[in-house]
Every structure is written in C-alpha cells, then in structure tokens.
$ cat model02.json   # JSON, C-alpha atoms
[["chain", "number", "residue", "atom", "x", "y", "z"],
["A", 1, "MET", "CA", 22.66, 23.11, 18.07],
["A", 2, "THR", "CA", 20.79, 26.03, 16.50],
["A", 3, "THR", "CA", 22.94, 28.86, 15.14],
["A", 4, "THR", "CA", 22.25, 32.08, 13.28],
["A", 5, "PRO", "CA", 21.83, 31.20, 9.58],
["A", 6, "ARG", "CA", 24.82, 32.15, 7.43],
["A", 7, "PRO", "CA", 23.72, 34.51, 4.63],
["A", 8, "ARG", "CA", 24.52, 33.42, 1.09],
["A", 9, "PHE", "CA", 27.83, 34.65, -0.31],
["A", 10, "SER", "CA", 26.09, 36.61, -3.06],
["A", 11, "VAL", "CA", 24.04, 38.43, -0.43],
["A", 12, "ARG", "CA", 27.05, 39.13, 1.78],
["A", 13, "VAL", "CA", 28.99, 40.78, -1.06],
["A", 14, "GLY", "CA", 25.99, 42.72, -2.34],
["A", 15, "LEU", "CA", 25.42, 40.80, -5.58],
["A", 16, "ALA", "CA", 21.88, 39.79, -4.59],
["A", 17, "GLU", "CA", 19.11, 40.96, -2.28],
["A", 18, "PRO", "CA", 18.25, 38.82, 0.76],
["A", 19, "GLU", "CA", 15.32, 36.48, 0.13],
["A", 20, "PHE", "CA", 12.68, 35.35, 2.61],
["A", 21, "ASP", "CA", 14.40, 32.69, 4.66],
["A", 22, "GLY", "CA", 11.66, 31.49, 6.97],
["A", 23, "PRO", "CA", 10.11, 30.41, 9.12],
["A", 24, "PHE", "CA", 8.28, 28.40, 6.47],
["A", 25, "GLU", "CA", 4.82, 26.96, 7.02],
["A", 26, "GLY", "CA", 3.90, 23.59, 5.56],
["A", 27, "ILE", "CA", 6.77, 21.97, 3.68],
["A", 28, "PRO", "CA", 8.70, 24.28, 1.33],
["A", 29, "PRO", "CA", 10.28, 22.73, -1.79],
["A", 30, "HIS", "CA", 13.76, 22.64, -0.27],
["A", 31, "LEU", "CA", 12.54, 20.42, 2.59],
["A", 32, "THR", "CA", 10.34, 18.04, 0.59],
["A", 33, "GLY", "CA", 13.14, 15.73, -0.58],
["A", 34, "PRO", "CA", 14.99, 15.62, 2.75],
["A", 35, "LEU", "CA", 11.80, 14.83, 4.69],
["A", 36, "GLN", "CA", 10.82, 12.12, 2.19],
["A", 37, "LYS", "CA", 14.26, 10.62, 2.70],
["A", 38, "TRP", "CA", 13.82, 10.87, 6.48],
["A", 39, "VAL", "CA", 10.57, 8.88, 6.29],
["A", 40, "GLU", "CA", 12.34, 6.29, 4.14],
["A", 41, "GLN", "CA", 15.23, 6.01, 6.60],
["A", 42, "ALA", "CA", 12.81, 5.76, 9.53],
["A", 43, "LEU", "CA", 11.13, 2.76, 7.89],
["A", 44, "PHE", "CA", 14.34, 1.11, 6.66],
["A", 45, "ILE", "CA", 15.23, -2.10, 8.54],
["A", 46, "GLY", "CA", 18.31, -3.16, 6.56],
["A", 47, "GLY", "CA", 19.14, -5.52, 3.75],
["A", 48, "GLY", "CA", 17.13, -3.55, 1.23],
["A", 49, "ARG", "CA", 13.97, -4.12, 3.28],
["A", 50, "TYR", "CA", 11.49, -1.74, 4.89],
["A", 51, "ASP", "CA", 9.10, -2.02, 7.80],
["A", 52, "GLU", "CA", 6.08, -2.54, 5.57],
["A", 53, "ASP", "CA", 3.84, -3.53, 8.50],
["A", 54, "THR", "CA", 4.35, -0.16, 10.16],
["A", 55, "ALA", "CA", 3.91, 1.64, 6.84],
["A", 56, "GLN", "CA", 0.65, -0.23, 6.27],
["A", 57, "LEU", "CA", -0.58, 0.58, 9.77],
["A", 58, "LEU", "CA", 0.12, 4.29, 9.27],
["A", 59, "CYS", "CA", -1.67, 4.29, 5.91],
["A", 60, "VAL", "CA", -4.70, 2.66, 7.52],
["A", 61, "ARG", "CA", -4.72, 5.05, 10.47],
["A", 62, "MET", "CA", -4.34, 8.09, 8.24],
["A", 63, "ARG", "CA", -6.75, 6.81, 5.57],
["A", 64, "ILE", "CA", -4.10, 6.99, 2.88],
["A", 65, "PRO", "CA", -4.84, 4.69, -0.10],
["A", 66, "VAL", "CA", -1.99, 2.91, -1.82],
["A", 67, "LEU", "CA", -1.38, 4.45, -5.21],
["A", 68, "ARG", "CA", -1.64, 2.15, -8.19],
["A", 69, "GLU", "CA", 1.79, 3.09, -9.46],
["A", 70, "HIS", "CA", 3.25, 1.81, -6.19],
["A", 71, "ALA", "CA", 1.91, -1.72, -6.53],
["A", 72, "GLY", "CA", 4.59, -4.37, -6.14],
["A", 73, "LEU", "CA", 7.37, -4.45, -3.56],
["A", 74, "PHE", "CA", 6.81, -2.28, -0.45],
["A", 75, "PRO", "CA", 3.74, -0.42, -1.78],
["A", 76, "TYR", "CA", 2.85, 1.19, 1.56],
["A", 77, "THR", "CA", 6.37, 2.44, 2.16],
["A", 78, "LYS", "CA", 6.52, 3.87, -1.37],
["A", 79, "THR", "CA", 3.18, 5.60, -0.83],
["A", 80, "LEU", "CA", 4.40, 7.29, 2.35],
["A", 81, "THR", "CA", 7.81, 8.28, 1.01],
["A", 82, "SER", "CA", 6.35, 9.82, -2.14],
["A", 83, "SER", "CA", 3.90, 12.07, -0.28],
["A", 84, "THR", "CA", 4.29, 15.85, -0.40],
["A", 85, "GLY", "CA", 2.94, 18.98, 1.26],
["A", 86, "ASP", "CA", 0.70, 18.70, 4.30],
["A", 87, "ASN", "CA", 0.35, 14.95, 3.76],
["A", 88, "LEU", "CA", 4.09, 14.50, 4.22],
["A", 89, "LEU", "CA", 4.02, 16.68, 7.34],
["A", 90, "ASP", "CA", 1.18, 14.53, 8.74],
["A", 91, "ILE", "CA", 3.17, 11.38, 8.01],
["A", 92, "VAL", "CA", 6.25, 12.70, 9.81],
["A", 93, "ASP", "CA", 4.09, 13.61, 12.81],
["A", 94, "ALA", "CA", 2.36, 10.20, 12.76],
["A", 95, "LEU", "CA", 5.68, 8.35, 12.59],
["A", 96, "LEU", "CA", 6.93, 10.21, 15.65],
["A", 97, "GLY", "CA", 3.70, 9.39, 17.46],
["A", 98, "TYR", "CA", 3.96, 5.71, 16.52],
["A", 99, "TYR", "CA", 7.56, 5.37, 17.70],
["A", 100, "PHE", "CA", 6.61, 7.04, 20.99],
["A", 101, "GLU", "CA", 3.63, 4.69, 21.32],
["A", 102, "VAL", "CA", 5.71, 1.54, 20.87],
["A", 103, "GLU", "CA", 8.66, 2.98, 22.80],
["A", 104, "THR", "CA", 11.04, 2.69, 19.87],
["A", 105, "ASP", "CA", 13.77, 5.21, 19.16],
["A", 106, "GLY", "CA", 13.48, 6.78, 15.72],
["A", 107, "PRO", "CA", 15.93, 9.13, 13.95],
["A", 108, "VAL", "CA", 14.55, 12.10, 15.89],
["A", 109, "GLU", "CA", 17.75, 14.11, 16.16],
["A", 110, "ALA", "CA", 18.26, 14.04, 12.40],
["A", 111, "LEU", "CA", 14.68, 15.19, 11.86],
["A", 112, "ASP", "CA", 14.95, 18.12, 14.27],
["A", 113, "LEU", "CA", 18.20, 19.18, 12.60],
["A", 114, "LEU", "CA", 16.50, 19.13, 9.19],
["A", 115, "LEU", "CA", 13.56, 21.21, 10.41],
["A", 116, "SER", "CA", 15.78, 23.70, 12.22],
["A", 117, "ASN", "CA", 18.24, 24.23, 9.36],
["A", 118, "GLY", "CA", 15.42, 24.26, 6.81],
["A", 119, "GLY", "CA", 13.70, 27.17, 8.56],
["A", 120, "SER", "CA", 10.53, 25.21, 9.33],
["A", 121, "VAL", "CA", 7.98, 26.64, 11.77],
["A", 122, "TYR", "CA", 7.80, 23.12, 13.23],
["A", 123, "ARG", "CA", 10.02, 21.24, 15.65],
["A", 124, "VAL", "CA", 9.95, 17.87, 17.38],
["A", 125, "THR", "CA", 8.20, 18.07, 20.77],
["A", 126, "ASP", "CA", 10.21, 17.61, 23.95],
["A", 127, "MET", "CA", 8.43, 14.27, 24.43],
["A", 128, "GLU", "CA", 9.48, 13.31, 20.88],
["A", 129, "ASP", "CA", 5.90, 12.19, 20.24],
["A", 130, "GLY", "CA", 5.06, 14.52, 17.37],
["A", 131, "LEU", "CA", 5.54, 17.96, 15.86],
["A", 132, "GLU", "CA", 4.69, 21.34, 17.31],
["A", 133, "GLU", "CA", 5.14, 24.93, 16.23],
["A", 134, "ARG", "CA", 8.46, 26.43, 17.15],
["A", 135, "VAL", "CA", 8.35, 29.12, 19.85],
["A", 136, "ALA", "CA", 11.05, 31.05, 21.67],
["A", 137, "PRO", "CA", 13.06, 28.53, 23.74],
["A", 138, "ALA", "CA", 12.87, 30.68, 26.88],
["A", 139, "VAL", "CA", 9.08, 30.81, 26.65],
["A", 140, "ARG", "CA", 8.77, 27.09, 25.90],
["A", 141, "ASP", "CA", 11.12, 26.17, 28.75],
["A", 142, "ALA", "CA", 9.23, 28.36, 31.23],
["A", 143, "VAL", "CA", 5.95, 26.63, 30.42],
["A", 144, "ARG", "CA", 7.63, 23.22, 30.56],
["A", 145, "GLN", "CA", 9.08, 23.99, 34.00],
["A", 146, "THR", "CA", 5.66, 25.04, 35.25],
["A", 147, "ILE", "CA", 4.21, 21.73, 34.06],
["A", 148, "VAL", "CA", 6.97, 19.82, 35.85],
["A", 149, "GLU", "CA", 6.45, 21.75, 39.09],
["A", 150, "ALA", "CA", 2.66, 21.34, 38.94],
["A", 151, "ALA", "CA", 3.01, 17.59, 38.41],
["A", 152, "ASP", "CA", 4.93, 17.36, 41.69],
["A", 153, "GLN", "CA", 2.15, 18.93, 43.78],
["A", 154, "GLN", "CA", -1.00, 16.95, 44.57],
["A", 155, "CYS", "CA", -2.79, 20.07, 45.86],
["A", 156, "VAL", "CA", -3.10, 21.47, 42.32],
["A", 157, "GLY", "CA", -4.89, 18.40, 40.96],
["A", 158, "SER", "CA", -4.61, 17.87, 37.24],
["A", 159, "ALA", "CA", -3.15, 21.30, 36.48],
["A", 160, "ALA", "CA", -0.05, 19.80, 34.85],
["A", 161, "ASP", "CA", -2.08, 17.49, 32.60],
["A", 162, "HIS", "CA", -4.42, 20.27, 31.51],
["A", 163, "LEU", "CA", -1.59, 22.72, 30.83],
["A", 164, "GLU", "CA", 0.26, 20.04, 28.83],
["A", 165, "ALA", "CA", -2.89, 19.35, 26.80],
["A", 166, "ALA", "CA", -3.44, 23.08, 26.24],
["A", 167, "TRP", "CA", 0.12, 23.52, 24.99],
["A", 168, "LYS", "CA", -0.18, 20.61, 22.55],
["A", 169, "ALA", "CA", -3.55, 21.82, 21.28],
["A", 170, "ALA", "CA", -2.13, 25.32, 20.74],
["A", 171, "TYR", "CA", 1.23, 24.47, 19.18],
["A", 172, "GLY", "CA", 1.02, 20.88, 17.98],
["A", 173, "ARG", "CA", 0.46, 19.71, 14.44],
["A", 174, "GLY", "CA", -3.18, 20.47, 13.58],
["A", 175, "PRO", "CA", -3.80, 23.01, 16.39],
["A", 176, "ASP", "CA", -7.23, 23.08, 18.07],
["A", 177, "ALA", "CA", -7.90, 26.58, 19.40],
["A", 178, "VAL", "CA", -11.14, 25.73, 21.22],
["A", 179, "ARG", "CA", -9.60, 22.81, 23.08],
["A", 180, "ALA", "CA", -6.43, 24.78, 23.86],
["A", 181, "TYR", "CA", -8.43, 27.56, 25.50],
["A", 182, "SER", "CA", -10.67, 25.15, 27.38],
["A", 183, "GLU", "CA", -7.71, 23.17, 28.72],
["A", 184, "ALA", "CA", -5.97, 26.40, 29.73],
["A", 185, "ILE", "CA", -8.95, 27.37, 31.89],
["A", 186, "LYS", "CA", -9.08, 23.88, 33.43],
["A", 187, "ALA", "CA", -5.38, 24.17, 34.29],
["A", 188, "VAL", "CA", -5.98, 27.39, 36.23],
["A", 189, "GLU", "CA", -9.10, 25.98, 37.90],
["A", 190, "SER", "CA", -7.10, 22.97, 39.08],
["A", 191, "ALA", "CA", -4.20, 25.07, 40.34],
["A", 192, "ALA", "CA", -6.34, 27.69, 42.09],
["A", 193, "HIS", "CA", -9.01, 25.42, 43.59],
["A", 194, "ALA", "CA", -7.26, 24.64, 46.89],
["A", 195, "VAL", "CA", -6.47, 28.33, 47.47],
["A", 196, "ILE", "CA", -9.61, 30.13, 46.30],
["A", 197, "GLN", "CA", -12.53, 27.75, 46.90],
["A", 198, "PRO", "CA", -11.30, 24.58, 48.63],
["A", 199, "ASN", "CA", -14.77, 23.72, 49.99],
["A", 200, "ASN", "CA", -16.59, 24.00, 46.67],
["A", 201, "ALA", "CA", -16.32, 20.69, 44.81],
["A", 202, "LYS", "CA", -17.93, 22.28, 41.72],
["A", 203, "ALA", "CA", -15.78, 25.40, 41.64],
["A", 204, "THR", "CA", -15.08, 27.02, 38.29],
["A", 205, "LEU", "CA", -13.00, 29.99, 37.31],
["A", 206, "GLY", "CA", -16.22, 32.00, 37.35],
["A", 207, "THR", "CA", -17.18, 31.02, 40.90],
["A", 208, "MET", "CA", -13.60, 31.63, 42.05],
["A", 209, "LEU", "CA", -13.77, 35.17, 40.68],
["A", 210, "GLY", "CA", -17.00, 35.62, 42.64],
["A", 211, "GLU", "CA", -15.25, 34.40, 45.78],
["A", 212, "ILE", "CA", -12.43, 36.89, 45.30],
["A", 213, "ARG", "CA", -14.89, 39.71, 44.66],
["A", 214, "ASN", "CA", -16.90, 38.97, 47.80],
["A", 215, "ALA", "CA", -14.01, 38.16, 50.16],
["A", 216, "ARG", "CA", -10.88, 39.70, 48.73],
["A", 217, "HIS", "CA", -9.48, 40.31, 52.23],
["A", 218, "LYS", "CA", -8.94, 36.54, 52.47],
["A", 219, "PHE", "CA", -6.23, 36.52, 49.79],
["A", 220, "THR", "CA", -2.80, 37.99, 49.32],
["A", 221, "ALA", "CA", 0.03, 37.74, 46.81],
["A", 222, "ALA", "CA", 3.82, 37.90, 46.80],
["A", 223, "ILE", "CA", 3.92, 41.00, 44.61],
["A", 224, "PRO", "CA", 4.01, 43.97, 47.00],
["A", 225, "THR", "CA", 1.42, 46.71, 46.74],
["A", 226, "PRO", "CA", 1.34, 50.24, 48.19],
["A", 227, "VAL", "CA", -0.22, 50.71, 51.60],
["A", 228, "GLY", "CA", -3.95, 50.32, 51.23],
["A", 229, "GLY", "CA", -3.48, 48.56, 47.89],
["A", 230, "ASP", "CA", -5.16, 45.36, 46.73],
["A", 231, "PRO", "CA", -2.63, 42.48, 46.56],
["A", 232, "ILE", "CA", -5.02, 40.04, 44.88],
["A", 233, "ALA", "CA", -5.98, 42.47, 42.08],
["A", 234, "PRO", "CA", -3.26, 41.41, 39.56],
["A", 235, "ALA", "CA", -4.15, 37.70, 39.81],
["A", 236, "GLU", "CA", -7.85, 38.53, 39.70],
["A", 237, "ALA", "CA", -7.40, 40.63, 36.57],
["A", 238, "MET", "CA", -5.50, 37.82, 34.84],
["A", 239, "MET", "CA", -8.10, 35.23, 35.84],
["A", 240, "ARG", "CA", -10.95, 37.46, 34.65],
["A", 241, "THR", "CA", -9.21, 38.13, 31.34],
["A", 242, "LEU", "CA", -8.84, 34.40, 30.75],
["A", 243, "TRP", "CA", -12.41, 33.62, 31.83],
["A", 244, "GLU", "CA", -14.13, 36.37, 29.86],
["A", 245, "GLY", "CA", -12.01, 35.73, 26.77],
["A", 246, "GLN", "CA", -13.50, 32.28, 26.21],
["A", 247, "THR", "CA", -16.06, 32.90, 23.47],
["A", 248, "SER", "CA", -17.15, 29.28, 22.96],
["A", 249, "ARG", "CA", -17.95, 28.41, 26.60],
["A", 250, "HIS", "CA", -21.76, 28.48, 26.22],
["A", 251, "GLY", "CA", -24.24, 28.08, 23.39],
["A", 252, "ALA", "CA", -27.14, 30.44, 22.72],
["A", 253, "ARG", "CA", -29.59, 31.45, 20.00],
["A", 254, "THR", "CA", -26.78, 33.43, 18.42],
["A", 255, "ALA", "CA", -23.92, 31.64, 16.67],
["A", 256, "THR", "CA", -21.16, 30.34, 18.92],
["A", 257, "VAL", "CA", -17.87, 32.06, 18.14],
["A", 258, "PRO", "CA", -14.86, 29.73, 18.50],
["A", 259, "GLU", "CA", -11.63, 31.14, 19.89],
["A", 260, "THR", "CA", -9.04, 32.18, 17.36],
["A", 261, "LEU", "CA", -5.70, 30.41, 17.44],
["A", 262, "GLU", "CA", -4.00, 33.67, 18.43],
["A", 263, "ALA", "CA", -6.39, 34.10, 21.37],
["A", 264, "ALA", "CA", -5.96, 30.48, 22.40],
["A", 265, "ARG", "CA", -2.17, 30.72, 22.42],
["A", 266, "ALA", "CA", -2.32, 33.93, 24.43],
["A", 267, "GLY", "CA", -4.70, 32.17, 26.82],
["A", 268, "VAL", "CA", -2.31, 29.26, 27.24],
["A", 269, "HIS", "CA", 0.56, 31.56, 28.18],
["A", 270, "LEU", "CA", -1.69, 33.52, 30.55],
["A", 271, "ALA", "CA", -2.78, 30.24, 32.14],
["A", 272, "ALA", "CA", 0.83, 29.09, 32.48],
["A", 273, "ALA", "CA", 1.67, 32.25, 34.44],
["A", 274, "LEU", "CA", -1.33, 31.80, 36.73],
["A", 275, "VAL", "CA", -0.58, 28.12, 37.33],
["A", 276, "GLN", "CA", 2.98, 29.04, 38.24],
["A", 277, "TRP", "CA", 1.73, 31.65, 40.72],
["A", 278, "PHE", "CA", -0.49, 29.17, 42.52],
["A", 279, "VAL", "CA", 2.03, 26.32, 42.36],
["A", 280, "SER", "CA", 4.82, 28.48, 43.77],
["A", 281, "GLY", "CA", 2.68, 29.97, 46.54],
["A", 282, "ALA", "CA", 2.79, 33.48, 45.07],
["A", 283, "VAL", "CA", -0.97, 33.66, 45.68],
["A", 284, "VAL", "CA", -2.21, 32.35, 49.03],
["A", 285, "ARG", "CA", -5.17, 32.40, 51.34],
["A", 286, "THR", "CA", -4.52, 34.50, 54.46],
["A", 287, "PRO", "CA", -4.72, 32.71, 57.83]]

$ encode --input "model02.json" --output "structure tokens"
Amino acid sequence: MTTTPRPRFSVRVGLAEPEFDGPFEGIPPHLTGPLQKWVEQALFIGGGRYDEDTAQLLCVRMRIPVLREHAGLFPYTKTLTSSTGDNLLDIVDALLGYYFEVETDGPVEALDLLLSNGGSVYRVTDMEDGLEERVAPAVRDAVRQTIVEAADQQCVGSAADHLEAAWKAAYGRGPDAVRAYSEAIKAVESAAHAVIQPNNAKATLGTMLGEIRNARHKFTAAIPTPVGGDPIAPAEAMMRTLWEGQTSRHGARTATVPETLEAARAGVHLAAALVQWFVSGAVVRTP
C-alpha cells in the first residue's frame, strides 16, 4: 500500500529544511544497497547456494563480463549483485523479465515496496514482466481498462496489442519514443478501421481522415453538439493531431526528426482515448 511519505522529525519541528524526496531517476544511493540485496535474494536457492545458471544466462544476455575479483564461487551472481547505477536497474528489469518468461514467481511484492518507499520513478509493471515509469494510478488504470476492453472485441483487430506495446515503449525501462508513437497510431487505426473505412484493406489514419473530410455526414458521436453542429469534429481533431504529430513517419532529403519522449507519451494517451471511443461505440457510422 502506498501512503503519503512521513516527513522527517527534524523537518516537522522546524530544525531542518525539507530536502528533495523524489521521484528519483536511476538508482539513488539510498536504494543501491536494498536493490543489490533484492537481486541476491531473487537468485538465492537455499543452503548457501545461488542460482548460478540463471545469473550466467543474464550476464550473457546483457553482455556483462564477469569481473576478475569475483572469480571463485558464484562469480556470475557476485557480478550481478555488485552492480550499481543503470546497470543494476537493467539487471532488476531483466530478472523480472526472466521470471515472467519461465513462469516463475519472484519476490516482486518486496521489490515494488522498495521502489515505492524509496521514491523511485520506476515501478513493477502490472504483468510483473519488467519495470516501467510510475504514472498516476487513475491514468494507468484507465489505459489498462481500455486495453482489456479492446482485447475482447474482434472488430477492433490488434488495437489492444498495439496500445499495450505503445504503453511499454513509452513508460518501460529504456523507453523508445519512435516506437511508442508508431504503435499508438496503429492502435487507433485498428480500432477505427471497421467504423471509418471498413472496405479499405490498406486504410491508414491518413486515409481515414480523408474519408471523414469527404463524407462527414456518415459519422456521428455520443458527445452531443448544438443543432447544426458537427458531431464527428472532436474525434477528427484528435485523430488529426495524432497523425500530424508523427515527425518520423517518412524520410526525405532533410533529416528525419524522431518524436520526443514527451510527445510520444502524449500520443499514447491521446490514442488510448480514441481507442476507447471506438471500442465503446462512442463514434459510429450512421445507418
């Protein structure tokens, strides 16, 4: 359970000024030891022994050489548990991914408690398959619910998969802004295809916007508009914003400009709202 951090006694009685208390990027000094211990506990198999095979596999996958000073008993485990900074964060993420891969329960709850109480910007994903940046629970849950609802409807194709991929690329460990934005667009294309251009097998967000522009009388939305208003205009504006905001879609003689992480995350949330509209029937084609 996450609670409001208790200020230090010296701060509460006015003996000291409040210090920056997070969220902390990377691994701050106060979390280094606890996370090293977590990695050690995750690899511990009892009787003074460690899962050296798993430790070796992770070192190979992550291209981590065994340090000379760790030669002897459990060298791979010692190498992992002595890592610091971004390397340690990568190891924690890789361990979560490995346990998810082999369907083995790791000490996930203890890890999430450490990250939460330590003020880390990272949290364990809902799938428990890695780390992601921490966002407001209400926002995260709304996107998650949209993914669940999209997965239950065949008419929206792979919208759930694309939105899930966009979210991970935007907020996971090692975010990829270009992929996040691209997957966000694919999520909307999948969700809107059956409504906007069901007879165009090669429909894109761009061609769908053209369809709306040329035949806007064919579409309506749940949000009421004044008499003579344009009910499809809000959805169209959101779709156009998402489409025109993708700076890396095409190459040219000029340098391609990749999306910024901030733009990609905004695009993911915009896409989530659009997917929810189409999944819920808030935007429909008129009879």

$ closest_residue --input "model02.json" --among "A:Val92, A:Ala166, A:Ala203, A:Val124" --to "Glu109 (chain A)" --atoms "only C-alpha atoms"
A:Val124

$ atom_distance --input "model02.json" --atom1 "CA of Ala272 (chain A)" --atom2 "CA of Ala142 (chain A)"
8.5 Å

$ residues_around --input "model02.json" --residues "Asp93 (chain A)" --least-positions-apart "2" --cutoff "12 Å" --atoms "only C-alpha atoms" --output "ChimeraX atom specification"
/A:35,38-39,58,62,86-91,95-100,106,108,111-112,122-125,128-133,172-174

$ residues_around --input "model02.json" --residues "region 223-236 of chain A" --least-positions-apart "6" --cutoff "8 Å" --atoms "all atoms listed in the file" --output "list in words"
Leu209, Ile212, Arg216, Leu274, Ala282 and Val283 of chain A

$ write_last_selection --input "model02.json" --atoms "C-alpha atoms" --output "PDB file, keeping the file's coordinate frame"
ATOM      1  CA  LEU A 209     -13.770  35.170  40.680  1.00  0.00           C
ATOM      2  CA  ILE A 212     -12.430  36.890  45.300  1.00  0.00           C
ATOM      3  CA  ARG A 216     -10.880  39.700  48.730  1.00  0.00           C
ATOM      4  CA  LEU A 274      -1.330  31.800  36.730  1.00  0.00           C
ATOM      5  CA  ALA A 282       2.790  33.480  45.070  1.00  0.00           C
ATOM      6  CA  VAL A 283      -0.970  33.660  45.680  1.00  0.00           C
TER       7      VAL A 283
END

$ atom_distance --input "model02.json" --atom1 "CA of Val156 (chain A)" --atom2 "CA of Ser190 (chain A)"
5.4 Å

$ residues_around --input "model02.json" --residues "region 262-271 of chain A" --least-positions-apart "5" --cutoff "12 Å" --atoms "all atoms listed in the file" --output "ChimeraX atom specification"
/A:133,135,139-144,146-147,159-160,162-172,175-192,205,235,237-248,276-279

$ atom_distance --input "model02.json" --atom1 "CA of Pro23 (chain A)" --atom2 "CA of Gln145 (chain A)"
25.7 Å
